[in-house]
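Some notes on the structure that comes next.
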Amino acid sequence: MATVTCTRRGCGKSFDPAHNDSPDCSFHPGAPVFHEGLKSWSCCADTNKPVTDFDDFMKLAPCATGTHSSEPVEPAKPVVTSANVAPAAGPSSTSADGKETYGAAASTEPASKLPPLPSAPKLAHQDKVQKPASTPYVEEQDDPDVEIKKGMRCKRKACGHEYDGQDRTDEECRYHAGVPIFHEGSKGYSCCKRRVLEFDEFLRIEGCRTGRHLFVGPKKSDEAEEELVDCRVDHYQTPRSVIVSVFGKQADKEASSVKFEGEAMHVDLILPSRKRFTKSFPLYGPIDPAASSYKVLGTKCEIELAKADARSWPSITTLDPDLASKFQMQLAFSAGGGRGTVGAKDAVLDQTNQLYRNA
């Protein structure tokens, strides 16, 4: 019997309906959730953290297993209350905080009927504005030196063809060269004009361009060099530690690193688009490297430096003369030891003031 494609969200594999007894299907039973640029699934928001890129969203691991299905995915039914009966639910619902859930029940509040706003008058100079010339599209091709294994899926948007090991001479890939666009409930691609309301219909929009399948991706250029960038660095302190934040979005957690020494730390963050932040910090005071730690988050790298003594840190490093001089002036008339007497020749200073005695 001919195989069919599974319609469960997150699966899309081909199966034989006559042999569909084992739970070979991995899928998302919930609905997609898009909120303030973040994308996730309502069924596994705790295990699969929200992502910003749509391709990463489509790669989120399914959270449920079962048998394959060829039945169309039914949208959720509207919620009916005793106070009022809402019209038929749309493809999405928007909560009070602006979160839009596709495929979930729509809001039960009646829509207010407002008159249409008058269109703004068109200015004379707007007719003369010329659109910038668009960059010609260049189709990426597979690296000929990389082996394509049987079962690999095409990476192009809206294709998903699975390589069967056959000759690729006459193959045809229908895909979208643009990016997904979600705007006020409508969904589509920037490369074509078709728009739909339901998320499942969006996944079934047929590609508007034809070409060859892309299974492994293009060959990486050896000439592409990393761009060294600067990142904003802030810090605050507690009696026992100094918390340093290096702000860099979407740093690679596996490739990035922070190394600690007794009086220095070395930060190396691998950022998107072949950008990199690398810097060594001669620290203001000594630290305990074994007790210090760091973690790479979505928007920054947070570093906790364990102080080796009780001194206060006015700056992260000792190479900030302006800030150091201001801090020294603030300590000029403070007594640190508490044992000084009038006429004494030697001042009794604490650890912080001793640092500036020889400055």
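All residue names refer to the structure tokens as shown: chains lettered A, B, ... in order, residues numbered from 1 in each chain, ligands numbered from 1 in order.
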
Q.
Using only C-alpha atoms, which protein or nucleic acid residues come within 12 Å of stretch 167-177 of chain A? Drop anything in the same chain fewer than 2 positions from it, and give the result as JSON, numbers by chain.
A. {"A": [136, 137, 138, 139, 140, 141, 142, 148, 150, 153, 154, 155, 156, 157, 158, 159, 160, 161, 162, 163, 164, 165, 179, 180, 181, 188, 189, 190, 191, 192, 193, 194, 202, 203, 204, 205, 206, 207, 208, 209, 210, 211, 212, 213, 214, 215]}

Q. Which polymer residues have any atom within 7 Å of an atom of stretch 62-71 of chain A, counting only C-alpha atoms, with same-chain residues fewer than 5 positions away left out, as a list of chain:residue names?
A.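 Surrounding residues, per the criterion: A:Thr5, A:Cys6, A:Thr7, A:Arg8, A:Gly10, A:Asn20, A:Asp21, A:Ser22, A:Pro23, A:Asp24, A:Cys25, A:Ser26, A:Phe27, A:His28, A:Pro29, A:Cys44.
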
Please save C-alpha atoms of the selected residues as a CSV table (one decimal), in the first residue's frame.
chain,number,residue,atom,x,y,z
A,5,THR,CA,2.4,11.7,5.3
A,6,CYS,CA,1.6,12.0,9.0
A,7,THR,CA,-0.4,15.2,9.8
A,8,ARG,CA,0.5,15.5,13.5
A,10,GLY,CA,6.2,18.2,14.5
A,20,ASN,CA,0.7,1.7,12.0
A,21,ASP,CA,0.4,-0.2,15.3
A,22,SER,CA,3.6,0.9,17.0
A,23,PRO,CA,4.1,4.3,18.7
A,24,ASP,CA,6.6,5.6,16.1
A,25,CYS,CA,5.2,9.1,15.9
A,26,SER,CA,6.8,12.0,17.9
A,27,PHE,CA,4.6,15.1,17.8
A,28,HIS,CA,3.4,18.2,19.7
A,29,PRO,CA,-0.2,17.8,21.0
A,44,CYS,CA,6.1,21.8,26.4

Q. Just how far from atom CA of A:Leu269 is atom CA of A:Ser257, in Å to one decimal?
A.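 Result for atom CA of A:Ser257 versus atom CA of A:Leu269: 6.5 Å, one decimal.
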
**Q.** Proximity to A:Glu302 - best of A:Glu184, A:Asp53, A:Asp288, A:Asp234, only C-alpha atoms
**A.** A:Asp234
